[in-house]
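**Student:** First the structure, then my questions, so here it is.
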Amino acid sequence: MQNLLLALLLCAACASTHAAQPQPNLVIMLVDDMGIMDTSVPFLTDEAGKPKRYPLNDYYRTPNMERLAARGIRFNNFCAMSVCSPTRISVMTGQNAARHRTTNWINPDRDNAGPQGPPDWNWHGLKSGDVTLPGLLRQVGYRTIHVGKGHFGPRAFGGANPANLGFDVNVAGASIGAPGSYYGMENYGAKNPKRAQAAVPGLEKYHGTDTFLSEALTLEANARVDEAVNAGKPFYLYFAHYAVHAPFNSDPRFADHYKTSGKPAPAQAFATLIEGMDKSLGDVLDHLDKLGVAENTLIFFLGDNGSDAPLGDQHAVACAAPLRGKKGSHYEGGMRVPFIAAWAKPNPSNPHQKRLPIAINAIQPQQAAIYDMFPTLLALTGKSNPANHVIDGSRLDRLLTGKPDPSRKERFLMHYPHSPHRTDYFTVWRDGDWKVIYHYFPTAVSENSHYQLYNLKSDPFEQKNLAPTQPAQLKRMMQGLIAQMTEQHAVYPVEKDGRTRVKPQLP
Ligand code: CA
């Protein structure tokens, strides 16, 4: 009897603890085609590690990113894949694109391998039953909410609908990678026969109004959060803006801010898309405050690939200046994205925040990547990764405190065995201060060589190719690249015969 009473008491204590400390809410806000320089928040630092502003930081207006950055930590060496779908599937699976094999953006209607792309790449993307972050979070009681861009699978396949991939709710997610239009008056593309295939679905109630797409998605995201909170459920909100992907439709709410900038019209429109996305972030933060759940809500804010700002040449120091290159490039401007992690309302005595402390107004210079969010969020919720699901990410807990993590290997593989795009058929391997770029089919872009080698510590803006002068370092880096590709079972481009694989060669 005594034992039974004790058990009942323990059980009651356990239940009340559970009631007092429900799972934390999780938000990933993923901005399409936003690079690390497309913001008024300075991410880069000077030699002393202090934030350093560049002209682009003074062009863009992102006051709500500034607000979020002040509440948490931002990473300035956070790497993504070079285009959309590979990054998105890495966020969902915790895997590198070389491993999940969706190495190119998904064309909704056909295989997008390119003329000599790998015949065995995963152009179907994610499918029903795949292990995904929302699928796992759902198993531990989360309401899983998808708002915005999906781009996880082609139109005729299961992955086109996020509801097949572990999400309880899907608003506006489909196979499309770019919106038909940002304008409600154009029904987000549905009114224009040339853009109707890319019309954003599920927003009919805003058709014929002047609700800009980023605004409509924000209203929907906040409404879905209300539903979860009213149902007493912790939520995982994956809010993937279509902004700031082309088409560069000017957002009239912000156009005046850029009129006298002297920048070309598309670059001004791009800046309005950034500012509208930023307003959305602010609206979400305000809404969490209003609902009283901000203390219990963790936010990861990031971009999905390097900048696509229409400000200059693909491989120049222009669109992401001072970084070289932009979206689709093998240079840092193509692979570095903004990443801010914060509790929506910092409170060190909050039990969730005690379990995952996040530094305030800090900058983390150590390298991390998009697939690291998967194990970090799972660990926070107590859900274990299925034993048969290999992941490439590692937990960010230590880095989030602002301290260095000596146990982490600062390595990143970016594999793009496709064409035609902006840089074709390449693999990048970063290891510590060094970076090697391997070109499968040399062209003028690669200085007609297979190899480019940079030391990012002494040459962060990739101006001096050391491949011709540092053969031993080049060989060591290529050995690392090949070993990593082998470990991840990567797919390779092929010769013109369409069959013979072309693998990276040592110098
Ligand atoms: Ca993108």
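Starting from 1 in every chain, residues are counted up; chains themselves are A, B, ... following the order of the structure tokens, and ligands are numbered from 1 as listed.
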Please produce, as a tab-separated table, a per-residue contact table for chain A versus ligand 1 (criterion: any atom at most 12 Å away, only C-alpha atoms and all ligand atoms considered), showing the nearest atom pair and its distance in Å to one decimal, sorted by chain then residue number.
**Tutor:**
```
residue	atom	partner	partner_atom_place_in_ligand_line	distance
A:Leu30	CA	ligand 1	1 (Ca)	9.5
A:Val31	CA	ligand 1	1 (Ca)	7.8
A:Asp32	CA	ligand 1	1 (Ca)	4.4
A:Asp33	CA	ligand 1	1 (Ca)	4.0
A:Met34	CA	ligand 1	1 (Ca)	7.5
A:Gly35	CA	ligand 1	1 (Ca)	9.5
A:Ala80	CA	ligand 1	1 (Ca)	9.8
A:Met81	CA	ligand 1	1 (Ca)	9.0
A:Ser82	CA	ligand 1	1 (Ca)	7.9
A:Val83	CA	ligand 1	1 (Ca)	5.1
A:Cys84	CA	ligand 1	1 (Ca)	3.8
A:Ser85	CA	ligand 1	1 (Ca)	7.5
A:Pro86	CA	ligand 1	1 (Ca)	9.2
A:Thr87	CA	ligand 1	1 (Ca)	8.1
A:Arg88	CA	ligand 1	1 (Ca)	8.7
A:Ile89	CA	ligand 1	1 (Ca)	11.9
A:Asn104	CA	ligand 1	1 (Ca)	10.9
A:Trp105	CA	ligand 1	1 (Ca)	8.5
A:Ile106	CA	ligand 1	1 (Ca)	11.1
A:Lys149	CA	ligand 1	1 (Ca)	9.9
A:Gly150	CA	ligand 1	1 (Ca)	11.0
A:His151	CA	ligand 1	1 (Ca)	9.7
A:Ile176	CA	ligand 1	1 (Ca)	11.5
A:Gly177	CA	ligand 1	1 (Ca)	7.8
A:Ala178	CA	ligand 1	1 (Ca)	8.9
A:Pro179	CA	ligand 1	1 (Ca)	12.0
A:Ala240	CA	ligand 1	1 (Ca)	10.3
A:His241	CA	ligand 1	1 (Ca)	10.0
A:Tyr242	CA	ligand 1	1 (Ca)	8.7
A:Ala243	CA	ligand 1	1 (Ca)	9.3
A:Val244	CA	ligand 1	1 (Ca)	8.5
A:His245	CA	ligand 1	1 (Ca)	6.6
A:Ala246	CA	ligand 1	1 (Ca)	9.6
A:Leu302	CA	ligand 1	1 (Ca)	11.2
A:Gly303	CA	ligand 1	1 (Ca)	7.7
A:Asp304	CA	ligand 1	1 (Ca)	5.2
A:Asn305	CA	ligand 1	1 (Ca)	5.3
A:Gly306	CA	ligand 1	1 (Ca)	7.8
A:Ser307	CA	ligand 1	1 (Ca)	8.6
A:Asp308	CA	ligand 1	1 (Ca)	8.4
A:Ala309	CA	ligand 1	1 (Ca)	11.7
A:Lys326	CA	ligand 1	1 (Ca)	11.2
A:Lys327	CA	ligand 1	1 (Ca)	7.7
A:Gly328	CA	ligand 1	1 (Ca)	9.2
A:Gly334	CA	ligand 1	1 (Ca)	10.4
A:Met335	CA	ligand 1	1 (Ca)	10.8
A:Val337	CA	ligand 1	1 (Ca)	10.6
```
**Student:** Do a neighbour search on A:Asn361 at 7 Å with only C-alpha atoms, toss out local chain neighbours closer than 2 positions, and write the hits as a PyMOL selection string.
**Tutor:** chain A and resi 69-73+359
**Student:** Compile the contact shell of A:Arg355 as a PDB file with N, CA, C and O atoms, in the first residue's frame: residues with an atom at most 12 Å away, counting only C-alpha atoms, same-chain residues fewer than 2 positions apart removed.
**Tutor:**
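What landed in around09.pdb:
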```
ATOM      1  N   GLN A  21       6.540  22.230 -17.341  1.00  0.00           N
ATOM      2  CA  GLN A  21       7.614  22.365 -18.321  1.00  0.00           C
ATOM      3  C   GLN A  21       7.270  21.596 -19.594  1.00  0.00           C
ATOM      4  O   GLN A  21       7.818  20.542 -19.853  1.00  0.00           O
ATOM      5  N   GLN A  23       7.186  20.844 -23.599  1.00  0.00           N
ATOM      6  CA  GLN A  23       8.304  20.959 -24.550  1.00  0.00           C
ATOM      7  C   GLN A  23       8.414  22.398 -25.043  1.00  0.00           C
ATOM      8  O   GLN A  23       7.413  23.095 -25.198  1.00  0.00           O
ATOM      9  N   PRO A  24       9.615  22.862 -25.328  1.00  0.00           N
ATOM     10  CA  PRO A  24       9.759  24.210 -25.885  1.00  0.00           C
ATOM     11  C   PRO A  24       9.196  24.267 -27.302  1.00  0.00           C
ATOM     12  O   PRO A  24       9.220  23.270 -28.030  1.00  0.00           O
ATOM     13  N   ASN A 296       9.380  30.475 -24.008  1.00  0.00           N
ATOM     14  CA  ASN A 296       9.469  29.029 -24.264  1.00  0.00           C
ATOM     15  C   ASN A 296       9.692  28.709 -25.731  1.00  0.00           C
ATOM     16  O   ASN A 296       9.487  27.576 -26.151  1.00  0.00           O
ATOM     17  N   LEU A 298      12.153  28.780 -29.068  1.00  0.00           N
ATOM     18  CA  LEU A 298      13.498  28.880 -29.639  1.00  0.00           C
ATOM     19  C   LEU A 298      13.377  29.207 -31.124  1.00  0.00           C
ATOM     20  O   LEU A 298      12.581  28.585 -31.835  1.00  0.00           O
ATOM     21  N   TRP A 343      16.392  32.548 -27.989  1.00  0.00           N
ATOM     22  CA  TRP A 343      15.097  32.369 -27.340  1.00  0.00           C
ATOM     23  C   TRP A 343      14.331  33.661 -27.597  1.00  0.00           C
ATOM     24  O   TRP A 343      14.892  34.754 -27.447  1.00  0.00           O
ATOM     25  N   ASN A 347      15.384  34.653 -20.881  1.00  0.00           N
ATOM     26  CA  ASN A 347      15.175  34.639 -19.429  1.00  0.00           C
ATOM     27  C   ASN A 347      15.993  33.477 -18.870  1.00  0.00           C
ATOM     28  O   ASN A 347      15.590  32.327 -18.990  1.00  0.00           O
ATOM     29  N   PRO A 348      17.119  33.788 -18.265  1.00  0.00           N
ATOM     30  CA  PRO A 348      18.034  32.724 -17.832  1.00  0.00           C
ATOM     31  C   PRO A 348      17.422  31.760 -16.831  1.00  0.00           C
ATOM     32  O   PRO A 348      17.917  30.644 -16.670  1.00  0.00           O
ATOM     33  N   SER A 349      16.344  32.162 -16.144  1.00  0.00           N
ATOM     34  CA  SER A 349      15.771  31.227 -15.163  1.00  0.00           C
ATOM     35  C   SER A 349      14.702  30.327 -15.769  1.00  0.00           C
ATOM     36  O   SER A 349      14.188  29.432 -15.103  1.00  0.00           O
ATOM     37  N   ASN A 350      14.363  30.540 -17.022  1.00  0.00           N
ATOM     38  CA  ASN A 350      13.408  29.647 -17.689  1.00  0.00           C
ATOM     39  C   ASN A 350      14.033  28.252 -17.831  1.00  0.00           C
ATOM     40  O   ASN A 350      15.176  28.129 -18.265  1.00  0.00           O
ATOM     41  N   PRO A 351      13.288  27.208 -17.444  1.00  0.00           N
ATOM     42  CA  PRO A 351      13.891  25.856 -17.463  1.00  0.00           C
ATOM     43  C   PRO A 351      14.378  25.405 -18.849  1.00  0.00           C
ATOM     44  O   PRO A 351      15.410  24.748 -18.946  1.00  0.00           O
ATOM     45  N   HIS A 352      13.668  25.760 -19.909  1.00  0.00           N
ATOM     46  CA  HIS A 352      14.134  25.388 -21.242  1.00  0.00           C
ATOM     47  C   HIS A 352      15.442  26.096 -21.570  1.00  0.00           C
ATOM     48  O   HIS A 352      16.354  25.521 -22.161  1.00  0.00           O
ATOM     49  N   GLN A 353      15.499  27.354 -21.176  1.00  0.00           N
ATOM     50  CA  GLN A 353      16.694  28.145 -21.494  1.00  0.00           C
ATOM     51  C   GLN A 353      17.883  27.697 -20.651  1.00  0.00           C
ATOM     52  O   GLN A 353      19.030  27.830 -21.071  1.00  0.00           O
ATOM     53  N   PRO A 357      21.273  27.058 -22.991  1.00  0.00           N
ATOM     54  CA  PRO A 357      21.576  28.485 -22.835  1.00  0.00           C
ATOM     55  C   PRO A 357      22.122  29.060 -24.142  1.00  0.00           C
ATOM     56  O   PRO A 357      22.907  28.406 -24.827  1.00  0.00           O
ATOM     57  N   ILE A 358      21.668  30.269 -24.459  1.00  0.00           N
ATOM     58  CA  ILE A 358      22.129  30.938 -25.682  1.00  0.00           C
ATOM     59  C   ILE A 358      22.701  32.297 -25.299  1.00  0.00           C
ATOM     60  O   ILE A 358      22.062  33.064 -24.581  1.00  0.00           O
ATOM     61  N   THR A 376      20.448  19.157 -32.997  1.00  0.00           N
ATOM     62  CA  THR A 376      20.303  20.105 -31.885  1.00  0.00           C
ATOM     63  C   THR A 376      18.859  20.131 -31.396  1.00  0.00           C
ATOM     64  O   THR A 376      18.592  20.064 -30.193  1.00  0.00           O
ATOM     65  N   LEU A 377      17.930  20.213 -32.332  1.00  0.00           N
ATOM     66  CA  LEU A 377      16.515  20.283 -31.949  1.00  0.00           C
ATOM     67  C   LEU A 377      16.026  18.950 -31.398  1.00  0.00           C
ATOM     68  O   LEU A 377      15.272  18.920 -30.416  1.00  0.00           O
ATOM     69  N   ALA A 379      17.771  16.738 -29.770  1.00  0.00           N
ATOM     70  CA  ALA A 379      18.308  16.565 -28.411  1.00  0.00           C
ATOM     71  C   ALA A 379      17.525  17.418 -27.412  1.00  0.00           C
ATOM     72  O   ALA A 379      17.238  16.973 -26.297  1.00  0.00           O
ATOM     73  N   LEU A 380      17.162  18.619 -27.820  1.00  0.00           N
ATOM     74  CA  LEU A 380      16.434  19.516 -26.916  1.00  0.00           C
ATOM     75  C   LEU A 380      15.073  18.929 -26.527  1.00  0.00           C
ATOM     76  O   LEU A 380      14.585  19.137 -25.419  1.00  0.00           O
ATOM     77  N   THR A 381      14.468  18.188 -27.456  1.00  0.00           N
ATOM     78  CA  THR A 381      13.139  17.635 -27.170  1.00  0.00           C
ATOM     79  C   THR A 381      13.209  16.230 -26.581  1.00  0.00           C
ATOM     80  O   THR A 381      12.174  15.642 -26.271  1.00  0.00           O
ATOM     81  N   GLY A 382      14.423  15.695 -26.466  1.00  0.00           N
ATOM     82  CA  GLY A 382      14.573  14.361 -25.903  1.00  0.00           C
ATOM     83  C   GLY A 382      14.284  13.245 -26.877  1.00  0.00           C
ATOM     84  O   GLY A 382      14.231  12.079 -26.506  1.00  0.00           O
ATOM     85  N   ASP A 397      24.939  22.962 -29.347  1.00  0.00           N
ATOM     86  CA  ASP A 397      24.744  23.447 -27.968  1.00  0.00           C
ATOM     87  C   ASP A 397      25.910  24.296 -27.461  1.00  0.00           C
ATOM     88  O   ASP A 397      25.718  25.384 -26.925  1.00  0.00           O
ATOM     89  N   ARG A 398      27.105  23.769 -27.629  1.00  0.00           N
ATOM     90  CA  ARG A 398      28.278  24.475 -27.089  1.00  0.00           C
ATOM     91  C   ARG A 398      28.486  25.811 -27.827  1.00  0.00           C
ATOM     92  O   ARG A 398      28.750  26.837 -27.204  1.00  0.00           O
ATOM     93  N   LEU A 400      26.317  27.637 -29.210  1.00  0.00           N
ATOM     94  CA  LEU A 400      25.258  28.598 -28.885  1.00  0.00           C
ATOM     95  C   LEU A 400      25.572  29.392 -27.623  1.00  0.00           C
ATOM     96  O   LEU A 400      25.048  30.483 -27.417  1.00  0.00           O
ATOM     97  N   THR A 401      26.428  28.859 -26.762  1.00  0.00           N
ATOM     98  CA  THR A 401      26.809  29.591 -25.554  1.00  0.00           C
ATOM     99  C   THR A 401      27.827  30.683 -25.873  1.00  0.00           C
ATOM    100  O   THR A 401      28.192  31.465 -24.988  1.00  0.00           O
TER     101      THR A 401
END
```
**Student:** Skip stretch 121-138 of chain A itself and residues of its chain fewer than 6 positions away, then list as an MDAnalysis selection string all residues within 9 Å of it, counting only C-alpha atoms.
**Tutor:** chainID A and resid 85:86 89 91:94 100:107 110:113 144:145 151:154 157:160 164:168 235:236 238 374 377:378 381 383:386 389 490:492
**Student:** For A:Leu288, work out the shell of residues within 12 Å, counting only C-alpha atoms and skipping chain neighbours fewer than 3 positions away, then give it as a count of residues only.
**Tutor:** 29
**Student:** Among the residues of stretch 84-188 of chain A, find those DSSP assigns to strand (DSSP E) from the backbone and print them as an MDAnalysis selection string.
**Tutor:** chainID A and resid 143:148 169:171
**Student:** Please save C-alpha atoms of the selected residues as a PDB file, in the first residue's frame.
**Tutor:**
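The new file part-v9.pdb reads:
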```pdb
ATOM      1  CA  ARG A 143       2.090  20.212 -33.750  1.00  0.00           C
ATOM      2  CA  THR A 144       4.205  20.469 -36.893  1.00  0.00           C
ATOM      3  CA  ILE A 145       3.419  23.453 -39.094  1.00  0.00           C
ATOM      4  CA  HIS A 146       4.720  24.188 -42.578  1.00  0.00           C
ATOM      5  CA  VAL A 147       4.186  27.677 -43.946  1.00  0.00           C
ATOM      6  CA  GLY A 148       5.654  28.915 -47.223  1.00  0.00           C
ATOM      7  CA  VAL A 169      -0.384  21.534 -41.359  1.00  0.00           C
ATOM      8  CA  ASN A 170       0.712  22.834 -44.735  1.00  0.00           C
ATOM      9  CA  VAL A 171       0.069  26.378 -45.895  1.00  0.00           C
TER      10      VAL A 171
END
```
